[in-house]
>>> print(open('coords21.csv').read())   # CSV, C-alpha atoms and all ligand atoms
chain,number,residue,atom,x,y,z
J,1249,MET,CA,21.5,7.0,-16.2
J,1250,THR,CA,24.1,4.4,-15.6
J,1251,SER,CA,24.6,5.4,-11.9
J,1252,ARG,CA,20.8,5.5,-11.3
J,1253,ARG,CA,20.5,2.0,-12.7
J,1254,SER,CA,23.3,0.7,-10.5
J,1255,SER,CA,21.7,2.4,-7.4
J,1256,LEU,CA,18.4,0.7,-8.1
J,1257,ASP,CA,20.2,-2.6,-8.6
J,1258,ALA,CA,21.8,-2.2,-5.2
J,1259,SER,CA,18.4,-1.5,-3.7
J,1260,ALA,CA,16.9,-4.5,-5.4
J,1261,ALA,CA,19.6,-6.7,-3.8
J,1262,HIS,CA,18.8,-5.3,-0.4
J,1263,ALA,CA,15.1,-5.3,-0.3
J,1264,GLY,CA,14.0,-8.4,-2.2
J,1265,GLY,CA,11.1,-7.9,-4.5
J,1266,PHE,CA,12.2,-4.5,-5.8
J,1267,PHE,CA,13.0,-4.9,-9.5
J,1268,LEU,CA,14.5,-2.6,-12.0
J,1269,ASP,CA,12.3,-3.0,-15.1
J,1270,ASP,CA,12.8,-1.7,-18.7
J,1271,THR,CA,9.1,-1.2,-19.5
J,1272,PRO,CA,8.6,2.4,-20.7
J,1273,THR,CA,6.5,4.7,-18.6
J,1274,GLU,CA,3.9,5.1,-21.3
J,1275,GLU,CA,3.3,1.4,-21.4
J,1276,VAL,CA,3.2,1.1,-17.6
J,1277,ASP,CA,0.5,3.8,-17.5
J,1278,ARG,CA,-1.5,2.0,-20.2
J,1279,ARG,CA,-1.4,-1.4,-18.6
J,1280,GLU,CA,-2.0,0.1,-15.2
J,1281,ALA,CA,-5.3,1.7,-16.4
J,1282,VAL,CA,-6.5,-1.6,-17.8
J,1283,LEU,CA,-5.7,-3.6,-14.6
J,1284,GLU,CA,-7.2,-0.8,-12.5
J,1285,SER,CA,-10.5,-1.1,-14.4
J,1286,LEU,CA,-10.5,-4.9,-13.8
J,1287,ALA,CA,-9.7,-4.4,-10.1
J,1288,GLY,CA,-12.6,-2.0,-9.8
J,1289,THR,CA,-15.0,-4.6,-11.0
J,1290,VAL,CA,-13.5,-7.3,-8.7
J,1291,ARG,CA,-14.0,-4.9,-5.8
J,1292,ASP,CA,-17.6,-4.5,-6.8
J,1293,LEU,CA,-17.9,-8.3,-7.0
J,1294,VAL,CA,-16.6,-8.6,-3.5
J,1295,ASP,CA,-19.1,-6.1,-2.1
J,1296,ALA,CA,-21.9,-7.7,-4.1
J,1297,ALA,CA,-21.0,-11.2,-2.8
J,1298,ILE,CA,-21.0,-10.0,0.8
J,1299,ARG,CA,-24.4,-8.2,0.5
J,1300,THR,CA,-26.3,-10.5,-2.0
J,1301,THR,CA,-29.6,-11.9,-0.9
J,1302,VAL,CA,-30.4,-13.7,-4.2
J,1303,GLU,CA,-31.4,-17.4,-3.9
J,1304,ASP,CA,-28.9,-20.2,-3.4
J,1305,GLU,CA,-29.2,-21.6,-6.9
J,1306,GLU,CA,-28.4,-18.2,-8.4
J,1307,VAL,CA,-25.4,-17.9,-6.1
J,1308,LEU,CA,-24.1,-21.2,-7.3
J,1309,ARG,CA,-24.6,-20.3,-11.0
J,1310,VAL,CA,-22.7,-17.1,-10.5
J,1311,ARG,CA,-19.9,-19.1,-8.8
J,1312,ASP,CA,-19.6,-21.3,-11.9
J,1313,ASP,CA,-19.6,-18.3,-14.3
J,1314,LEU,CA,-16.9,-16.7,-12.2
J,1315,ALA,CA,-14.8,-19.9,-12.2
J,1316,ALA,CA,-14.7,-19.7,-16.0
J,1317,LEU,CA,-13.6,-16.1,-15.9
J,1318,VAL,CA,-10.8,-17.0,-13.4
J,1319,ALA,CA,-9.6,-19.7,-15.8
J,1320,ARG,CA,-9.3,-17.0,-18.6
J,1321,LEU,CA,-7.1,-14.8,-16.4
J,1322,ARG,CA,-5.0,-17.8,-15.4
J,1323,ALA,CA,-4.2,-18.5,-19.1
J,1324,SER,CA,-1.1,-16.4,-18.6
J,1325,GLN,CA,0.2,-15.5,-15.1
J,1326,LEU,CA,3.3,-14.2,-13.2
J,1327,PRO,CA,5.0,-17.1,-11.4
J,1328,GLY,CA,4.6,-15.3,-8.0
J,1329,PRO,CA,3.5,-12.0,-6.5
J,1330,ALA,CA,3.7,-8.8,-8.5
J,1331,GLY,CA,6.5,-7.2,-6.4
J,1332,VAL,CA,7.6,-3.6,-6.7
J,1333,ARG,CA,9.1,-2.5,-10.0
J,1334,PHE,CA,10.8,0.7,-11.1
J,1335,ASN,CA,12.0,1.9,-14.5
J,1336,ALA,CA,14.8,4.3,-15.3
J,1337,ASP,CA,12.4,7.3,-15.0
J,1338,ARG,CA,11.9,6.3,-11.3
J,1339,ARG,CA,8.2,5.5,-12.2
J,1340,SER,CA,7.4,2.8,-9.7
J,1341,TRP,CA,4.5,0.3,-9.8
J,1342,ASN,CA,3.4,-2.2,-7.2
J,1343,TRP,CA,0.2,-3.5,-8.7
J,1344,GLY,CA,-0.4,-6.2,-6.1
J,1345,ASN,CA,0.1,-4.0,-3.0
J,1346,ALA,CA,-2.5,-4.8,-0.3
J,1347,VAL,CA,-3.3,-1.1,0.2
J,1348,VAL,CA,-2.6,0.8,-3.1
J,1349,GLY,CA,-2.2,-2.0,-5.7
J,1350,ALA,CA,-3.9,-0.9,-8.9
J,1351,ALA,CA,-4.6,-4.6,-9.9
J,1352,ASN,CA,-5.6,-5.6,-6.4
J,1353,GLY,CA,-9.4,-5.9,-5.9
J,1354,ILE,CA,-9.0,-6.3,-2.2
J,1355,ALA,CA,-7.1,-3.0,-1.8
J,1356,PRO,CA,-9.5,-0.2,-1.0
J,1357,PRO,CA,-7.5,1.3,-2.9
J,1358,LEU,CA,-5.8,4.2,-1.1
J,1359,ARG,CA,-4.8,7.1,-3.4
J,1360,VAL,CA,-2.0,8.7,-1.5
J,1361,VAL,CA,-1.4,12.4,-2.2
J,1362,HIS,CA,2.1,13.7,-1.3
J,1363,GLY,CA,2.2,17.3,-0.1
J,1364,PRO,CA,4.9,19.6,1.4
J,1365,ASP,CA,3.8,18.7,5.0
J,1366,GLY,CA,3.1,15.0,4.6
J,1367,CYS,CA,0.6,12.8,2.9
J,1368,HIS,CA,-3.1,12.4,2.9
J,1369,ALA,CA,-5.7,10.1,1.3
J,1370,ASP,CA,-9.5,10.1,1.1
J,1371,VAL,CA,-11.0,6.7,1.0
J,1372,ARG,CA,-14.5,5.2,1.3
J,1373,LEU,CA,-14.5,1.8,3.1
J,1374,GLY,CA,-17.4,-0.5,2.4
J,1375,ALA,CA,-18.7,-3.9,3.7
J,1376,ALA,CA,-15.5,-5.7,2.9
J,1377,TYR,CA,-13.6,-3.9,5.6
J,1378,GLU,CA,-16.0,-4.4,8.5
J,1379,GLY,CA,-15.0,-5.6,11.9
J,1380,PRO,CA,-17.4,-4.6,14.7
J,1381,PRO,CA,-20.9,-4.0,13.2
J,1382,GLY,CA,-20.8,-1.0,10.9
J,1383,LEU,CA,-17.2,-0.2,11.9
J,1384,VAL,CA,-13.8,-0.6,10.3
J,1385,HIS,CA,-11.8,-3.7,11.4
J,1386,GLY,CA,-9.0,-2.5,13.6
J,1387,GLY,CA,-6.4,-4.5,11.6
J,1388,VAL,CA,-7.6,-2.7,8.4
J,1389,SER,CA,-7.1,0.7,10.1
J,1390,ALA,CA,-3.6,-0.4,11.1
J,1391,MET,CA,-2.9,-1.6,7.6
J,1392,LEU,CA,-4.0,1.6,6.0
J,1393,LEU,CA,-2.0,3.7,8.5
J,1394,ASP,CA,1.0,1.5,8.1
J,1395,HIS,CA,1.0,2.1,4.4
J,1396,ILE,CA,0.4,5.9,4.3
J,1397,MET,CA,2.9,6.4,7.1
J,1398,GLY,CA,5.5,4.2,5.3
J,1399,GLU,CA,4.9,6.1,2.1
J,1400,THR,CA,5.3,9.4,4.0
J,1401,ALA,CA,8.6,8.1,5.4
J,1402,SER,CA,9.7,6.9,2.0
J,1403,GLY,CA,8.8,10.3,0.3
J,1404,ARG,CA,9.1,8.4,-3.0
J,1405,ARG,CA,12.8,8.7,-2.8
J,1406,ARG,CA,14.0,6.0,-0.4
J,1407,THR,CA,12.9,2.6,0.9
J,1408,ALA,CA,11.4,2.7,4.4
J,1409,PHE,CA,10.2,-0.4,6.3
J,1410,THR,CA,8.0,-0.4,9.3
J,1411,GLY,CA,10.0,-1.0,12.5
J,1412,THR,CA,7.4,-0.2,15.2
J,1413,LEU,CA,3.8,0.9,14.8
J,1414,THR,CA,1.7,2.0,17.8
J,1415,MET,CA,-2.0,2.5,17.4
J,1416,ARG,CA,-4.5,4.3,19.7
J,1417,TYR,CA,-8.1,3.5,18.8
J,1418,ARG,CA,-10.0,6.5,20.3
J,1419,ARG,CA,-13.5,5.5,19.1
J,1420,GLY,CA,-15.0,3.2,16.5
J,1421,THR,CA,-14.2,4.2,12.9
J,1422,PRO,CA,-17.4,4.0,10.9
J,1423,LEU,CA,-17.5,2.4,7.4
J,1424,GLY,CA,-17.9,5.2,4.8
J,1425,PRO,CA,-15.9,8.2,3.8
J,1426,LEU,CA,-12.6,8.7,5.8
J,1427,ARG,CA,-9.5,10.8,5.6
J,1428,LEU,CA,-6.0,9.5,6.5
J,1429,GLU,CA,-3.1,11.8,7.2
J,1430,ALA,CA,0.6,11.3,8.0
J,1431,ARG,CA,3.7,13.5,8.5
J,1432,VAL,CA,7.3,13.0,9.4
J,1433,VAL,CA,7.9,14.3,12.9
J,1434,ARG,CA,11.7,13.8,13.0
J,1435,GLU,CA,14.6,11.7,11.7
J,1436,GLU,CA,17.5,10.2,13.5
J,1437,GLY,CA,20.0,8.5,11.2
J,1438,ARG,CA,18.1,5.8,9.3
J,1439,LYS,CA,15.1,6.1,11.7
J,1440,ILE,CA,12.1,8.1,10.5
J,1441,PHE,CA,9.5,9.0,13.1
J,1442,VAL,CA,6.0,9.4,11.6
J,1443,ASP,CA,2.6,10.4,13.1
J,1444,GLY,CA,-0.6,9.3,11.4
J,1445,SER,CA,-4.4,9.5,11.9
J,1446,ILE,CA,-7.7,8.4,10.5
J,1447,SER,CA,-10.7,10.8,10.8
J,1448,ASP,CA,-14.4,10.8,9.9
J,1449,ALA,CA,-16.6,13.8,9.7
J,1450,GLY,CA,-16.6,14.1,13.5
J,1451,GLY,CA,-12.8,14.1,13.9
J,1452,VAL,CA,-10.0,11.7,14.7
J,1453,THR,CA,-10.9,8.1,15.3
J,1454,VAL,CA,-7.4,6.4,15.3
J,1455,GLU,CA,-4.0,7.9,16.0
J,1456,ALA,CA,-0.7,6.2,15.2
J,1457,GLU,CA,3.0,6.7,15.8
J,1458,GLY,CA,5.6,4.8,13.8
J,1459,ILE,CA,9.3,4.3,13.5
J,1460,PHE,CA,10.2,3.5,9.9
J,1461,ILE,CA,13.7,2.3,9.1
J,1462,GLN,CA,15.7,2.9,5.9
J,1463,PRO,CA,17.5,-0.4,5.4
J,1464,ALA,CA,21.3,-0.1,5.6
J,1465,GLY,CA,23.0,0.5,2.2
J,1466,THR,CA,19.8,1.4,0.3
J,1467,PRO,CA,19.9,4.5,-1.9
J,1468,GLU,CA,18.3,7.9,-1.2
J,1469,PHE,CA,17.4,10.1,-4.1
J,1470,PRO,CA,17.0,13.9,-3.9
J,1471,ARG,CA,13.5,15.3,-3.0
J,1472,THR,CA,11.4,15.9,-6.2
D,1501,LIG,C1,14.8,1.9,-3.7
D,1501,LIG,C2,14.1,2.9,-4.5
D,1501,LIG,C3,13.7,4.2,-3.8
D,1501,LIG,C4,12.7,4.9,-4.6
D,1501,LIG,C5,11.4,4.7,-3.9
D,1501,LIG,C6,10.3,5.1,-4.8
D,1501,LIG,C7,9.1,4.6,-4.7
D,1501,LIG,C8,8.8,3.6,-3.6
D,1501,LIG,C9,7.7,2.7,-4.1
D,1501,LIG,C10,7.0,1.9,-3.4
D,1501,LIG,C11,7.2,1.8,-1.9
D,1501,LIG,C12,6.5,2.9,-1.4
D,1501,LIG,C13,6.1,3.1,-0.2
D,1501,LIG,C14,6.3,2.0,0.8
D,1501,LIG,C15,5.2,2.3,1.7
D,1501,LIG,C16,4.6,1.5,2.5
D,1501,LIG,C17,5.0,0.2,2.9
D,1501,LIG,C18,4.4,-0.1,4.2
D,1501,LIG,C19,5.5,-0.5,5.1
D,1501,LIG,C20,5.6,-1.9,5.4
D,1501,LIG,O1,4.6,-2.6,5.6
D,1501,LIG,S1,7.1,-2.6,5.5
D,1501,LIG,C21,6.7,-4.3,6.0
D,1501,LIG,C22,6.7,-4.5,7.5
D,1501,LIG,N1,8.1,-4.3,8.0
D,1501,LIG,C23,9.0,-5.2,7.9
D,1501,LIG,O2,8.8,-6.3,7.4
D,1501,LIG,C24,10.4,-4.9,8.5
D,1501,LIG,C25,11.1,-6.1,9.0
D,1501,LIG,N2,12.3,-5.7,9.6
D,1501,LIG,C26,13.4,-5.4,9.0
D,1501,LIG,O3,13.5,-5.5,7.7
D,1501,LIG,C27,14.5,-4.9,9.8
D,1501,LIG,O4,14.5,-5.3,11.1
D,1501,LIG,C28,14.6,-3.3,9.7
D,1501,LIG,C29,14.8,-2.8,8.3
D,1501,LIG,C30,13.3,-2.7,10.3
D,1501,LIG,C31,15.8,-2.8,10.6
D,1501,LIG,O5,16.9,-3.6,10.2
D,1501,LIG,P1,18.3,-2.9,10.2
D,1501,LIG,O6,19.3,-4.0,10.1
D,1501,LIG,O7,18.4,-1.8,9.2
D,1501,LIG,O8,18.3,-2.2,11.7
D,1501,LIG,P2,19.5,-2.0,12.6
D,1501,LIG,O9,19.6,-3.1,13.6
D,1501,LIG,O10,20.8,-1.6,11.8
D,1501,LIG,O11,19.0,-0.7,13.4
D,1501,LIG,C32,19.1,0.6,12.8
D,1501,LIG,C33,18.4,1.6,13.9
D,1501,LIG,O12,17.0,1.3,13.8
D,1501,LIG,C34,16.6,0.8,15.2
D,1501,LIG,N3,15.6,-0.2,14.9
D,1501,LIG,C35,15.8,-1.4,14.3
D,1501,LIG,N4,14.7,-2.1,14.3
D,1501,LIG,C36,13.8,-1.4,14.8
D,1501,LIG,C37,12.4,-1.6,15.1
D,1501,LIG,N5,11.8,-2.7,14.6
D,1501,LIG,N6,11.7,-0.6,15.7
D,1501,LIG,C38,12.3,0.5,16.1
D,1501,LIG,N7,13.6,0.8,15.9
D,1501,LIG,C39,14.3,-0.2,15.3
D,1501,LIG,C40,17.8,0.4,15.9
D,1501,LIG,O13,17.7,0.5,17.2
D,1501,LIG,C41,18.8,1.3,15.3
D,1501,LIG,O14,18.7,2.5,16.0
D,1501,LIG,P3,20.0,3.3,16.5
D,1501,LIG,O15,20.8,3.6,15.2
D,1501,LIG,O16,19.5,4.5,17.2
D,1501,LIG,O17,20.7,2.4,17.4
>>> encode(input="coords21.csv", output="structure tokens")
Amino acid sequence: MTSRRSSLDASAAHAGGFFLDDTPTEEVDRREAVLESLAGTVRDLVDAAIRTTVEDEEVLRVRDDLAALVARLRASQLPGPAGVRFNADRRSWNWGNAVVGAANGIAPPLRVVHGPDGCHADVRLGAAYEGPPGLVHGGVSAMLLDHIMGETASGRRRTAFTGTLTMRYRRGTPLGPLRLEARVVREEGRKIFVDGSISDAGGVTVEAEGIFIQPAGTPEFPRT
């Protein structure tokens, strides 16, 4: 226990924003479920705001009602972003993360499944992720791939930062149901080479290659 704590402390020093936290796993799970349900409604709100056709006066009334709700959440706030936290069980939580944050209503969110040969995630992207008409914004595709590929490189046992990410957009990615996949191709020292893709029902729409770097001096835990 002591050595794990000191390893995590060393990591926190290296990759600012990673915090060791004493909150018990049970309490983390409970709070996460509550925040996740709020984020789901926020996500619904974003979609509703984009697609609403109600009259101007009603839009302005809704805006005022929402401002009152925002004030209630602001009654008690973290001083800055949520960061990435770990407890001694190695339960990690990154509730603000742009792609997987449980409390983040602008994260799709991606639910990454770790398997023996890499990671995958099924996601449905709606109007909030549009770039070209009816298609996913290219930066959103890159963001989602960056995350799933980084998490694949990390394997939930080490920190891995994106060094280089190369995208090939083969055809437009339609809004709607999509599958993301990523796998480690090879490792050289602290460099982890990862391939990734996004597919719709008709096959691959985006391919990516990435080099992820384990920052020097950060710990690596055994595979679980
Ligand atoms: C700690 C607890 C562990 C437990 C984990 C458990 C759970 C984890 C929980 C949550 C996190 C989960 C998943 C994370 C998932 C996704 C996150 C998405 C990823 C991101 O969104 S992350 C943000 C964007 N990302 C950055 O913000 C990076 C900014 N940057 C840097 O922080 C440094 O720049 C760094 C670290 C990249 C390198 O710094 P460095 O000092 O370690 O590198 P150094 O010079 O020593 O090079 C060593 C070797 O890498 C080669 N090399 C260096 N840089 C390269 C590059 N850019 N491209 C290709 N190769 C490169 C050299 O050529 C040399 O290669 P060689 O050895 O062959 O010569």
>>> residues_around(input="coords21.csv", residues="Gly1366 (chain J)", least_positions_apart="5", cutoff="9 Å", atoms="all atoms listed in the file", output="ChimeraX atom specification")
/J:1361,1397,1400-1401,1403,1429-1432
>>> atom_distance(input="coords21.csv", atom1="CA of Val1347 (chain J)", atom2="CA of Gly1420 (chain J)")
20.5 Å
>>> residues_around(input="coords21.csv", residues="region 1298-1312 of chain J", least_positions_apart="3", cutoff="8 Å", atoms="all atoms listed in the file", output="VMD selection string")
chain J and resid 1294 to 1295 1315 to 1316 1375 to 1376
>>> closest_residue(input="coords21.csv", among="J:Arg1418, J:His1368, J:Arg1427, J:Arg1338", to="ligand LIG 1501 (chain D)", atoms="all atoms listed in the file")
J:Arg1338
>>> closest_residue(input="coords21.csv", among="J:Leu1428, J:Val1282, J:Ala1296, J:Ile1354", to="Ala1456 (chain J)", atoms="all atoms listed in the file")
J:Leu1428
>>> closest_atom_pairs(input="coords21.csv", of="chain J", to="ligand LIG 1501 (chain D)", cutoff="7 Å", atoms="all atoms listed in the file", output="CSV")
residue,atom,partner,partner_atom,distance
J:Leu1256,CA,D:LIG1501,C1,5.8
J:Ser1259,CA,D:LIG1501,C1,5.0
J:Ala1260,CA,D:LIG1501,C1,6.9
J:Val1332,CA,D:LIG1501,C10,6.4
J:Arg1338,CA,D:LIG1501,C6,6.8
J:Ser1340,CA,D:LIG1501,C7,5.6
J:Trp1341,CA,D:LIG1501,C9,7.0
J:Asn1342,CA,D:LIG1501,C10,6.6
J:Asp1394,CA,D:LIG1501,C18,5.4
J:His1395,CA,D:LIG1501,C18,4.1
J:Ile1396,CA,D:LIG1501,C16,6.3
J:Met1397,CA,D:LIG1501,C16,6.9
J:Gly1398,CA,D:LIG1501,C16,4.0
J:Glu1399,CA,D:LIG1501,C15,3.8
J:Ser1402,CA,D:LIG1501,C13,5.7
J:Arg1404,CA,D:LIG1501,C6,3.9
J:Arg1405,CA,D:LIG1501,C4,4.2
J:Arg1406,CA,D:LIG1501,C3,3.9
J:Thr1407,CA,D:LIG1501,C1,5.0
J:Ala1408,CA,D:LIG1501,C14,6.3
J:Phe1409,CA,D:LIG1501,S1,3.9
J:Thr1410,CA,D:LIG1501,N1,4.1
J:Gly1411,CA,D:LIG1501,N5,3.2
J:Thr1412,CA,D:LIG1501,N6,4.3
J:Gly1437,CA,D:LIG1501,O15,6.4
J:Arg1438,CA,D:LIG1501,C33,6.2
J:Lys1439,CA,D:LIG1501,O12,5.6
J:Ile1459,CA,D:LIG1501,C38,5.5
J:Phe1460,CA,D:LIG1501,C30,6.9
J:Ile1461,CA,D:LIG1501,C30,5.2
J:Gln1462,CA,D:LIG1501,C29,6.2
J:Pro1463,CA,D:LIG1501,O7,4.1
J:Ala1464,CA,D:LIG1501,O7,4.9
J:Thr1466,CA,D:LIG1501,C1,6.4
J:Pro1467,CA,D:LIG1501,C1,6.0
J:Glu1468,CA,D:LIG1501,C3,6.5
J:Phe1469,CA,D:LIG1501,C3,7.0
>>> write_last_selection(input="coords21.csv", atoms="C-alpha atoms", output="mmCIF file, keeping the file's coordinate frame")
data_model
loop_
_atom_site.group_PDB
_atom_site.id
_atom_site.type_symbol
_atom_site.label_atom_id
_atom_site.label_comp_id
_atom_site.auth_asym_id
_atom_site.auth_seq_id
_atom_site.Cartn_x
_atom_site.Cartn_y
_atom_site.Cartn_z
ATOM 1 C CA LEU J 1256 18.400 0.700 -8.100
ATOM 2 C CA SER J 1259 18.400 -1.500 -3.700
ATOM 3 C CA ALA J 1260 16.900 -4.500 -5.400
ATOM 4 C CA VAL J 1332 7.600 -3.600 -6.700
ATOM 5 C CA ARG J 1338 11.900 6.300 -11.300
ATOM 6 C CA SER J 1340 7.400 2.800 -9.700
ATOM 7 C CA TRP J 1341 4.500 0.300 -9.800
ATOM 8 C CA ASN J 1342 3.400 -2.200 -7.200
ATOM 9 C CA ASP J 1394 1.000 1.500 8.100
ATOM 10 C CA HIS J 1395 1.000 2.100 4.400
ATOM 11 C CA ILE J 1396 0.400 5.900 4.300
ATOM 12 C CA MET J 1397 2.900 6.400 7.100
ATOM 13 C CA GLY J 1398 5.500 4.200 5.300
ATOM 14 C CA GLU J 1399 4.900 6.100 2.100
ATOM 15 C CA SER J 1402 9.700 6.900 2.000
ATOM 16 C CA ARG J 1404 9.100 8.400 -3.000
ATOM 17 C CA ARG J 1405 12.800 8.700 -2.800
ATOM 18 C CA ARG J 1406 14.000 6.000 -0.400
ATOM 19 C CA THR J 1407 12.900 2.600 0.900
ATOM 20 C CA ALA J 1408 11.400 2.700 4.400
ATOM 21 C CA PHE J 1409 10.200 -0.400 6.300
ATOM 22 C CA THR J 1410 8.000 -0.400 9.300
ATOM 23 C CA GLY J 1411 10.000 -1.000 12.500
ATOM 24 C CA THR J 1412 7.400 -0.200 15.200
ATOM 25 C CA GLY J 1437 20.000 8.500 11.200
ATOM 26 C CA ARG J 1438 18.100 5.800 9.300
ATOM 27 C CA LYS J 1439 15.100 6.100 11.700
ATOM 28 C CA ILE J 1459 9.300 4.300 13.500
ATOM 29 C CA PHE J 1460 10.200 3.500 9.900
ATOM 30 C CA ILE J 1461 13.700 2.300 9.100
ATOM 31 C CA GLN J 1462 15.700 2.900 5.900
ATOM 32 C CA PRO J 1463 17.500 -0.400 5.400
ATOM 33 C CA ALA J 1464 21.300 -0.100 5.600
ATOM 34 C CA THR J 1466 19.800 1.400 0.300
ATOM 35 C CA PRO J 1467 19.900 4.500 -1.900
ATOM 36 C CA GLU J 1468 18.300 7.900 -1.200
ATOM 37 C CA PHE J 1469 17.400 10.100 -4.100
#
>>> atom_distance(input="coords21.csv", atom1="CA of Phe1441 (chain J)", atom2="CA of Cys1367 (chain J)")
14.1 Å
>>> atom_distance(input="coords21.csv", atom1="CA of Pro1329 (chain J)", atom2="CA of Phe1266 (chain J)")
11.5 Å
>>> closest_residue(input="coords21.csv", among="J:Arg1279, J:Arg1372, J:Pro1470, J:Asp1365", to="Asp1443 (chain J)", atoms="all atoms listed in the file")
J:Asp1365
>>> residues_around(input="coords21.csv", residues="Ser1447 (chain J)", least_positions_apart="6", cutoff="10 Å", atoms="all atoms listed in the file", output="list of chain:residue names")
J:Asp1370, J:Thr1421, J:Pro1422, J:Pro1425, J:Leu1426, J:Arg1427, J:Leu1428, J:Glu1429, J:Thr1453, J:Val1454, J:Glu1455
>>> residues_near_point(input="coords21.csv", point="(-16.6, -7.2, 14.0)", cutoff="12 Å", atoms="all atoms listed in the file", output="list of chain:residue names")
J:Ala1375, J:Ala1376, J:Tyr1377, J:Glu1378, J:Gly1379, J:Pro1380, J:Pro1381, J:Gly1382, J:Leu1383, J:Val1384, J:His1385, J:Gly1386, J:Gly1387, J:Val1388, J:Gly1420, J:Thr1421, J:Pro1422, J:Leu1423
>>> build_atoms(input="coords21.csv", residues="region 1402-1415 of chain J", atoms="N, CA and C atoms", output="compact mmCIF listing (two decimals), in the frame of the given file")
# COMPACT_ATOMS: atom_id res chain seq x y z
N SER J 1402 8.95 7.20 3.21
CA SER J 1402 9.70 6.90 2.00
C SER J 1402 9.82 8.21 1.13
N GLY J 1403 8.76 9.03 1.10
CA GLY J 1403 8.80 10.30 0.30
C GLY J 1403 9.07 9.99 -1.16
N ARG J 1404 8.81 8.79 -1.61
CA ARG J 1404 9.10 8.40 -3.00
C ARG J 1404 10.52 8.55 -3.41
N ARG J 1405 11.41 8.55 -2.42
CA ARG J 1405 12.80 8.70 -2.80
C ARG J 1405 13.74 7.77 -2.05
N ARG J 1406 13.19 6.95 -1.14
CA ARG J 1406 14.00 6.00 -0.40
C ARG J 1406 13.07 4.86 0.07
N THR J 1407 13.67 3.73 0.38
CA THR J 1407 12.90 2.60 0.90
C THR J 1407 12.78 2.82 2.43
N ALA J 1408 11.60 2.59 2.99
CA ALA J 1408 11.40 2.70 4.40
C ALA J 1408 10.50 1.55 4.89
N PHE J 1409 11.02 0.70 5.76
CA PHE J 1409 10.20 -0.40 6.30
C PHE J 1409 9.69 -0.06 7.66
N THR J 1410 8.52 -0.57 7.97
CA THR J 1410 8.00 -0.40 9.30
C THR J 1410 8.81 -1.10 10.32
N GLY J 1411 9.29 -0.38 11.34
CA GLY J 1411 10.00 -1.00 12.50
C GLY J 1411 9.01 -1.24 13.59
N THR J 1412 8.40 -0.15 14.04
CA THR J 1412 7.40 -0.20 15.20
C THR J 1412 6.24 0.67 14.81
N LEU J 1413 5.04 0.14 15.04
CA LEU J 1413 3.80 0.90 14.80
C LEU J 1413 2.93 0.80 15.99
N THR J 1414 2.56 1.95 16.55
CA THR J 1414 1.70 2.00 17.80
C THR J 1414 0.40 2.67 17.42
N MET J 1415 -0.71 1.99 17.78
CA MET J 1415 -2.00 2.50 17.40
C MET J 1415 -2.79 2.89 18.70
